[in-house]
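This report concerns only the one structure given below.
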Amino acid sequence: MKVLQIHTEYREAGGEDAVVAAEADLLRAAGHEVVQWTNRNPQGGLAAVGALLQSPSNRDAARAVGAAARQADPDVVHVHNTWYATSPSIFKALQEAVSGPVVMTLHNYRLVCANGLLLRDGAPCELCVGAAPWNAVRYACYRDSRAQSAAAAMTIAVNRRRGSWADGVDRFLALTEFARGRFIAGGLPPDKVAVKPNFVPDPGSRPRPPAESHQALFVGRITAEKGLGTLVEAWLRAAPPGLELVVAGDGPLFAELQARELPGVTMLGRVDRARVQDLMLRSRALLFPSEWYEGMPMTLLEAFSSGLPVMGSDLGSMAEMLAPFGSRWLVTPGSVDEWTEKLTTLTEDAAVAAGGVTGRRLWEDRYGPHDAIANLESAYRA
């Protein structure tokens with residue numbers, strides 16, 4: 001099978017870019033041919049302004065994608081990110097250029113939300129789900145700018161009216177059932193939206209079982225919506241005997257937390273992916289207190305593959321992904337009291353050992369390469 005993969009790279013490489021590259025490698029390893037067409041958003045200045053203004057309909061990008069599709073003559077086109085320099089105008093160009101199906105992975109909530117996160121003022125927001133997107137302008141949801149939010153909202157409104165997504169895409173791939181529900185509520189045809197989770201490779205064996213570790217781990221960007229402030233307050237209250245909280249990540253709130261006296265908490269700052277993986281293989285549990293919906297955090301999948309139990313927020317896609325661990329591992333987001341209570345679970349070796357087995361089994365059953373290639377091939381053939 002020949003697959004044309006279309007993606008607009010982010011200015012700062014992130015998880016979505018890594019998923020696109022990993023899927024290309026996975027398809028090639030399975031014997032499929034992958035042709036990649038990539039675009040990149042301008043770094044700033046007039047070029048960025050111009051590209052953003054063209055985000056509702058970029059004719060240059062549409063022509064370029066159409067030409068690439070005709071040259072590749074693929075069996076299937078797989079679109080990942082079009083925001084913002086590529087634009088949804090490519091779907092009409094693809095309809096005219098190829099006879100095969102068009103598949104689109106919904107990595108974020110961009111089709112129903114101007115900032116793509118369903119997040120406003122640090123909390124989940126669904127004002128624009130199933131409604132016109134103009135609240136985004138009112139609240140300056142995209143980059144705290146009403147002008148830029150207007151461009152993002154216009155992209156949604158114009159392409160929803162044109163049917164760019166509903167008519168131009170044959171199969172949407174949501175990452176979770178929760179996300180699928182949000183997109184259907186936002187107007188996508190239910191019969192076109194399937195669920196296909198992301199995947200991570202096997203990191204290898206642990207040096208010791210999680211119950212023998214004395215280190216609980218937080219990995220992520222240190223911002224208000226990631227919930228680290230809530231977790232730290234709960235950790236200081238609970239003070240789990242013999243355990244240490246290790247924080248790997250950087251962000252706007254890092255300096256503030258680092259400046260405080262936090263007994264039992266070690267702030268590492270930014271670390272590379274290899275170090276993160278090593279930390280997971282040597283930790284007792286991953287703590288994931290995020291207070292917004294998230295998409296499909298690769299950090300959770302990496303923890304599962306490492307045989308690591310995860311305690312996290314009972315919210316959105318996280319609740320769905322963490323449900324197999326049981327109610328003791330799910331916490332009401334933002335609740336210091338509940339986090340304080342449930343952190344005591346980490347002191348129970350039997351619970352931690354069972355959670356580690358659950359995490360690894362989740363990876364083996366849902367989030368490994370074998371399931372990923374089967375899910376991709378099934379989506380294309382369907």
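Chain lettering (A, B, ...) mirrors the order of the structure tokens, residue numbering begins at 1 for each chain separately, and ligand numbering begins at 1 in order of display.
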
Residues of region 28-132 of chain A at most 9 Å from region 178-182 of chain A: nearest atom pair and distance in Å, only C-alpha atoms, as a tab-separated table:
```
residue	atom	partner	partner_atom	distance
A:Leu106	CA	A:Ala179	CA	8.6
A:Asn108	CA	A:Ala179	CA	8.6
A:Tyr109	CA	A:Ala179	CA	8.0
A:Val112	CA	A:Arg182	CA	8.3
A:Glu126	CA	A:Arg182	CA	8.8
A:Val129	CA	A:Arg182	CA	7.2
A:Gly130	CA	A:Arg182	CA	8.8
```

- Task: Among the residues of region 267-304 of chain A, find those DSSP assigns to strand (DSSP E or B) from the backbone and print them as a VMD selection string.
- Result: chain A and resid 267 to 269 285 to 288

Go ahead and save the residues from that selection, with N, CA and C atoms, as a PDB file, in the first residue's frame.
```
ATOM      1  N   MET A 267      13.410  19.025  42.038  1.00  0.00           N
ATOM      2  CA  MET A 267      13.094  19.662  40.761  1.00  0.00           C
ATOM      3  C   MET A 267      14.283  19.478  39.810  1.00  0.00           C
ATOM      4  N   LEU A 268      14.118  18.665  38.784  1.00  0.00           N
ATOM      5  CA  LEU A 268      15.210  18.391  37.859  1.00  0.00           C
ATOM      6  C   LEU A 268      15.319  19.417  36.743  1.00  0.00           C
ATOM      7  N   GLY A 269      14.220  20.101  36.425  1.00  0.00           N
ATOM      8  CA  GLY A 269      14.216  20.945  35.231  1.00  0.00           C
ATOM      9  C   GLY A 269      14.021  20.098  33.988  1.00  0.00           C
ATOM     10  N   ALA A 285       5.920   5.131  40.608  1.00  0.00           N
ATOM     11  CA  ALA A 285       4.644   5.484  39.976  1.00  0.00           C
ATOM     12  C   ALA A 285       4.815   6.804  39.245  1.00  0.00           C
ATOM     13  N   LEU A 286       3.979   7.012  38.246  1.00  0.00           N
ATOM     14  CA  LEU A 286       3.878   8.308  37.574  1.00  0.00           C
ATOM     15  C   LEU A 286       2.652   9.016  38.123  1.00  0.00           C
ATOM     16  N   LEU A 287       2.808  10.295  38.439  1.00  0.00           N
ATOM     17  CA  LEU A 287       1.695  11.114  38.917  1.00  0.00           C
ATOM     18  C   LEU A 287       1.343  12.115  37.826  1.00  0.00           C
ATOM     19  N   PHE A 288       0.059  12.141  37.445  1.00  0.00           N
ATOM     20  CA  PHE A 288      -0.363  12.943  36.292  1.00  0.00           C
ATOM     21  C   PHE A 288      -1.597  13.763  36.687  1.00  0.00           C
TER      22      PHE A 288
END
```

- Task: Compile the contact shell of Pro209 (chain A) as a ChimeraX atom specification: residues with an atom at most 10 Å away, counting only C-alpha atoms, same-chain residues fewer than 6 positions apart removed.
- Result: /A:281-284,307-308,352-353,356-357

- Item | Backbone DSSP call of alpha helix (DSSP H) for region 50-145 of chain A, listed as number ranges by chain | A: 50-53, 59-72, 90-97, 135-138

Take the residues from that selection and write them out as a PDB file, in the first residue's frame, keeping N, CA and C atoms.
```
ATOM      1  N   GLY A  50       0.954  36.703   7.475  1.00  0.00           N
ATOM      2  CA  GLY A  50       0.332  36.377   6.197  1.00  0.00           C
ATOM      3  C   GLY A  50      -0.209  34.966   6.164  1.00  0.00           C
ATOM      4  N   ALA A  51       0.568  34.002   6.691  1.00  0.00           N
ATOM      5  CA  ALA A  51       0.114  32.612   6.706  1.00  0.00           C
ATOM      6  C   ALA A  51      -1.104  32.438   7.599  1.00  0.00           C
ATOM      7  N   LEU A  52      -1.119  33.140   8.737  1.00  0.00           N
ATOM      8  CA  LEU A  52      -2.256  33.040   9.639  1.00  0.00           C
ATOM      9  C   LEU A  52      -3.512  33.620   9.001  1.00  0.00           C
ATOM     10  N   LEU A  53      -3.366  34.738   8.293  1.00  0.00           N
ATOM     11  CA  LEU A  53      -4.518  35.336   7.619  1.00  0.00           C
ATOM     12  C   LEU A  53      -5.070  34.428   6.516  1.00  0.00           C
ATOM     13  N   ARG A  59      -4.563  29.017  -0.892  1.00  0.00           N
ATOM     14  CA  ARG A  59      -4.561  28.463  -2.253  1.00  0.00           C
ATOM     15  C   ARG A  59      -3.210  27.910  -2.654  1.00  0.00           C
ATOM     16  N   ASP A  60      -2.129  28.562  -2.212  1.00  0.00           N
ATOM     17  CA  ASP A  60      -0.790  28.076  -2.557  1.00  0.00           C
ATOM     18  C   ASP A  60      -0.555  26.689  -1.969  1.00  0.00           C
ATOM     19  N   ALA A  61      -0.938  26.514  -0.717  1.00  0.00           N
ATOM     20  CA  ALA A  61      -0.768  25.214  -0.082  1.00  0.00           C
ATOM     21  C   ALA A  61      -1.645  24.164  -0.757  1.00  0.00           C
ATOM     22  N   ALA A  62      -2.873  24.554  -1.111  1.00  0.00           N
ATOM     23  CA  ALA A  62      -3.769  23.613  -1.779  1.00  0.00           C
ATOM     24  C   ALA A  62      -3.188  23.148  -3.109  1.00  0.00           C
ATOM     25  N   ARG A  63      -2.627  24.077  -3.866  1.00  0.00           N
ATOM     26  CA  ARG A  63      -2.018  23.702  -5.151  1.00  0.00           C
ATOM     27  C   ARG A  63      -0.826  22.769  -4.933  1.00  0.00           C
ATOM     28  N   ALA A  64       0.000  23.078  -3.929  1.00  0.00           N
ATOM     29  CA  ALA A  64       1.180  22.256  -3.666  1.00  0.00           C
ATOM     30  C   ALA A  64       0.791  20.850  -3.241  1.00  0.00           C
ATOM     31  N   VAL A  65      -0.218  20.735  -2.379  1.00  0.00           N
ATOM     32  CA  VAL A  65      -0.665  19.412  -1.938  1.00  0.00           C
ATOM     33  C   VAL A  65      -1.303  18.647  -3.094  1.00  0.00           C
ATOM     34  N   GLY A  66      -2.099  19.334  -3.894  1.00  0.00           N
ATOM     35  CA  GLY A  66      -2.703  18.674  -5.047  1.00  0.00           C
ATOM     36  C   GLY A  66      -1.661  18.126  -5.994  1.00  0.00           C
ATOM     37  N   ALA A  67      -0.618  18.906  -6.250  1.00  0.00           N
ATOM     38  CA  ALA A  67       0.461  18.456  -7.137  1.00  0.00           C
ATOM     39  C   ALA A  67       1.199  17.266  -6.539  1.00  0.00           C
ATOM     40  N   ALA A  68       1.461  17.317  -5.234  1.00  0.00           N
ATOM     41  CA  ALA A  68       2.147  16.201  -4.571  1.00  0.00           C
ATOM     42  C   ALA A  68       1.305  14.938  -4.621  1.00  0.00           C
ATOM     43  N   ALA A  69       0.004  15.081  -4.457  1.00  0.00           N
ATOM     44  CA  ALA A  69      -0.885  13.918  -4.488  1.00  0.00           C
ATOM     45  C   ALA A  69      -0.947  13.305  -5.882  1.00  0.00           C
ATOM     46  N   ARG A  70      -1.026  14.143  -6.904  1.00  0.00           N
ATOM     47  CA  ARG A  70      -1.058  13.599  -8.273  1.00  0.00           C
ATOM     48  C   ARG A  70       0.250  12.876  -8.612  1.00  0.00           C
ATOM     49  N   GLN A  71       1.351  13.435  -8.165  1.00  0.00           N
ATOM     50  CA  GLN A  71       2.641  12.802  -8.440  1.00  0.00           C
ATOM     51  C   GLN A  71       2.792  11.478  -7.682  1.00  0.00           C
ATOM     52  N   ALA A  72       2.355  11.440  -6.428  1.00  0.00           N
ATOM     53  CA  ALA A  72       2.501  10.231  -5.622  1.00  0.00           C
ATOM     54  C   ALA A  72       1.518   9.143  -6.033  1.00  0.00           C
ATOM     55  N   ILE A  90      -6.807  22.171   1.603  1.00  0.00           N
ATOM     56  CA  ILE A  90      -6.176  21.059   0.891  1.00  0.00           C
ATOM     57  C   ILE A  90      -7.134  19.903   0.645  1.00  0.00           C
ATOM     58  N   PHE A  91      -8.215  19.802   1.419  1.00  0.00           N
ATOM     59  CA  PHE A  91      -9.091  18.640   1.270  1.00  0.00           C
ATOM     60  C   PHE A  91      -9.834  18.660  -0.063  1.00  0.00           C
ATOM     61  N   LYS A  92     -10.236  19.838  -0.525  1.00  0.00           N
ATOM     62  CA  LYS A  92     -10.856  19.920  -1.844  1.00  0.00           C
ATOM     63  C   LYS A  92      -9.839  19.577  -2.927  1.00  0.00           C
ATOM     64  N   ALA A  93      -8.599  20.061  -2.743  1.00  0.00           N
ATOM     65  CA  ALA A  93      -7.540  19.746  -3.702  1.00  0.00           C
ATOM     66  C   ALA A  93      -7.277  18.248  -3.749  1.00  0.00           C
ATOM     67  N   LEU A  94      -7.329  17.585  -2.598  1.00  0.00           N
ATOM     68  CA  LEU A  94      -7.113  16.140  -2.556  1.00  0.00           C
ATOM     69  C   LEU A  94      -8.245  15.385  -3.238  1.00  0.00           C
ATOM     70  N   GLN A  95      -9.472  15.855  -3.057  1.00  0.00           N
ATOM     71  CA  GLN A  95     -10.609  15.221  -3.730  1.00  0.00           C
ATOM     72  C   GLN A  95     -10.439  15.244  -5.241  1.00  0.00           C
ATOM     73  N   GLU A  96      -9.878  16.341  -5.743  1.00  0.00           N
ATOM     74  CA  GLU A  96      -9.705  16.486  -7.193  1.00  0.00           C
ATOM     75  C   GLU A  96      -8.478  15.736  -7.712  1.00  0.00           C
ATOM     76  N   ALA A  97      -7.515  15.460  -6.823  1.00  0.00           N
ATOM     77  CA  ALA A  97      -6.236  14.899  -7.266  1.00  0.00           C
ATOM     78  C   ALA A  97      -6.150  13.382  -7.161  1.00  0.00           C
ATOM     79  N   ASN A 135     -16.923  32.712  20.412  1.00  0.00           N
ATOM     80  CA  ASN A 135     -16.517  32.961  21.793  1.00  0.00           C
ATOM     81  C   ASN A 135     -15.001  33.011  21.924  1.00  0.00           C
ATOM     82  N   ALA A 136     -14.316  32.341  20.979  1.00  0.00           N
ATOM     83  CA  ALA A 136     -12.849  32.366  20.989  1.00  0.00           C
ATOM     84  C   ALA A 136     -12.328  33.787  20.827  1.00  0.00           C
ATOM     85  N   VAL A 137     -13.024  34.597  20.031  1.00  0.00           N
ATOM     86  CA  VAL A 137     -12.619  35.990  19.839  1.00  0.00           C
ATOM     87  C   VAL A 137     -12.932  36.788  21.107  1.00  0.00           C
ATOM     88  N   ARG A 138     -14.079  36.543  21.659  1.00  0.00           N
ATOM     89  CA  ARG A 138     -14.484  37.249  22.889  1.00  0.00           C
ATOM     90  C   ARG A 138     -13.466  37.052  24.012  1.00  0.00           C
TER      91      ARG A 138
END
```

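A straight line drawn from CA of Leu376 (chain A) to CA of Met311 (chain A) is 29.2 Å long.
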
- Message: What's around Val247 (chain A) at 9 Å? Count only C-alpha atoms, leave out sequence neighbours fewer than 6 positions away in its own chain, and write the answer as a ChimeraX atom specification.
- Response: /A:216-220,228,265-269

Restricting the output to C-alpha atoms, write the selected residues as a PDB file, in the first residue's frame.
```
ATOM      1  CA  ALA A 216       7.364   8.995  42.446  1.00  0.00           C
ATOM      2  CA  LEU A 217       7.629  10.857  39.156  1.00  0.00           C
ATOM      3  CA  PHE A 218       6.007  13.862  37.486  1.00  0.00           C
ATOM      4  CA  VAL A 219       6.895  14.525  33.848  1.00  0.00           C
ATOM      5  CA  GLY A 220       5.529  17.493  31.940  1.00  0.00           C
ATOM      6  CA  LEU A 228       1.726  20.354  39.482  1.00  0.00           C
ATOM      7  CA  VAL A 265      10.529  17.144  46.250  1.00  0.00           C
ATOM      8  CA  THR A 266      13.387  17.264  43.713  1.00  0.00           C
ATOM      9  CA  MET A 267      13.094  19.662  40.761  1.00  0.00           C
ATOM     10  CA  LEU A 268      15.210  18.391  37.859  1.00  0.00           C
ATOM     11  CA  GLY A 269      14.216  20.945  35.231  1.00  0.00           C
TER      12      GLY A 269
END
```

- Residue neighbourhood Pro56 (chain A), 8 Å, only C-alpha atoms, exclusion window fewer than 6 positions, as a list of chain:residue names: A:Ser87, A:Pro88, A:Ser89, A:Ala151, A:Ala152, A:Met154, A:Thr155, A:Ile156, A:Val158, A:Asn159

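Residues in contact range of Arg160 (chain A), defined as at most 9 Å between only C-alpha atoms, with sequence neighbours fewer than 5 positions away removed, read Leu111, Thr155, Trp165, Ala166 and Gly187 of chain A.
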
Saved selection, atoms kept: C-alpha atoms, as a tab-separated table (two decimals), in the first residue's frame:
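Result went into out30.tsv, see below:
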```tsv
chain	number	residue	atom	x	y	z
A	111	LEU	CA	-11.77	21.40	14.43
A	155	THR	CA	-10.85	28.90	9.84
A	165	TRP	CA	-13.87	18.17	6.84
A	166	ALA	CA	-17.28	16.48	6.76
A	187	GLY	CA	-20.69	18.24	14.14
```

- Item | Distance query Gly295 (chain A) at most 9 Å, only C-alpha atoms, self and fewer than 6 positions along chain excluded, as a ChimeraX atom specification | /A:107-109,117,175-176,179,316-318
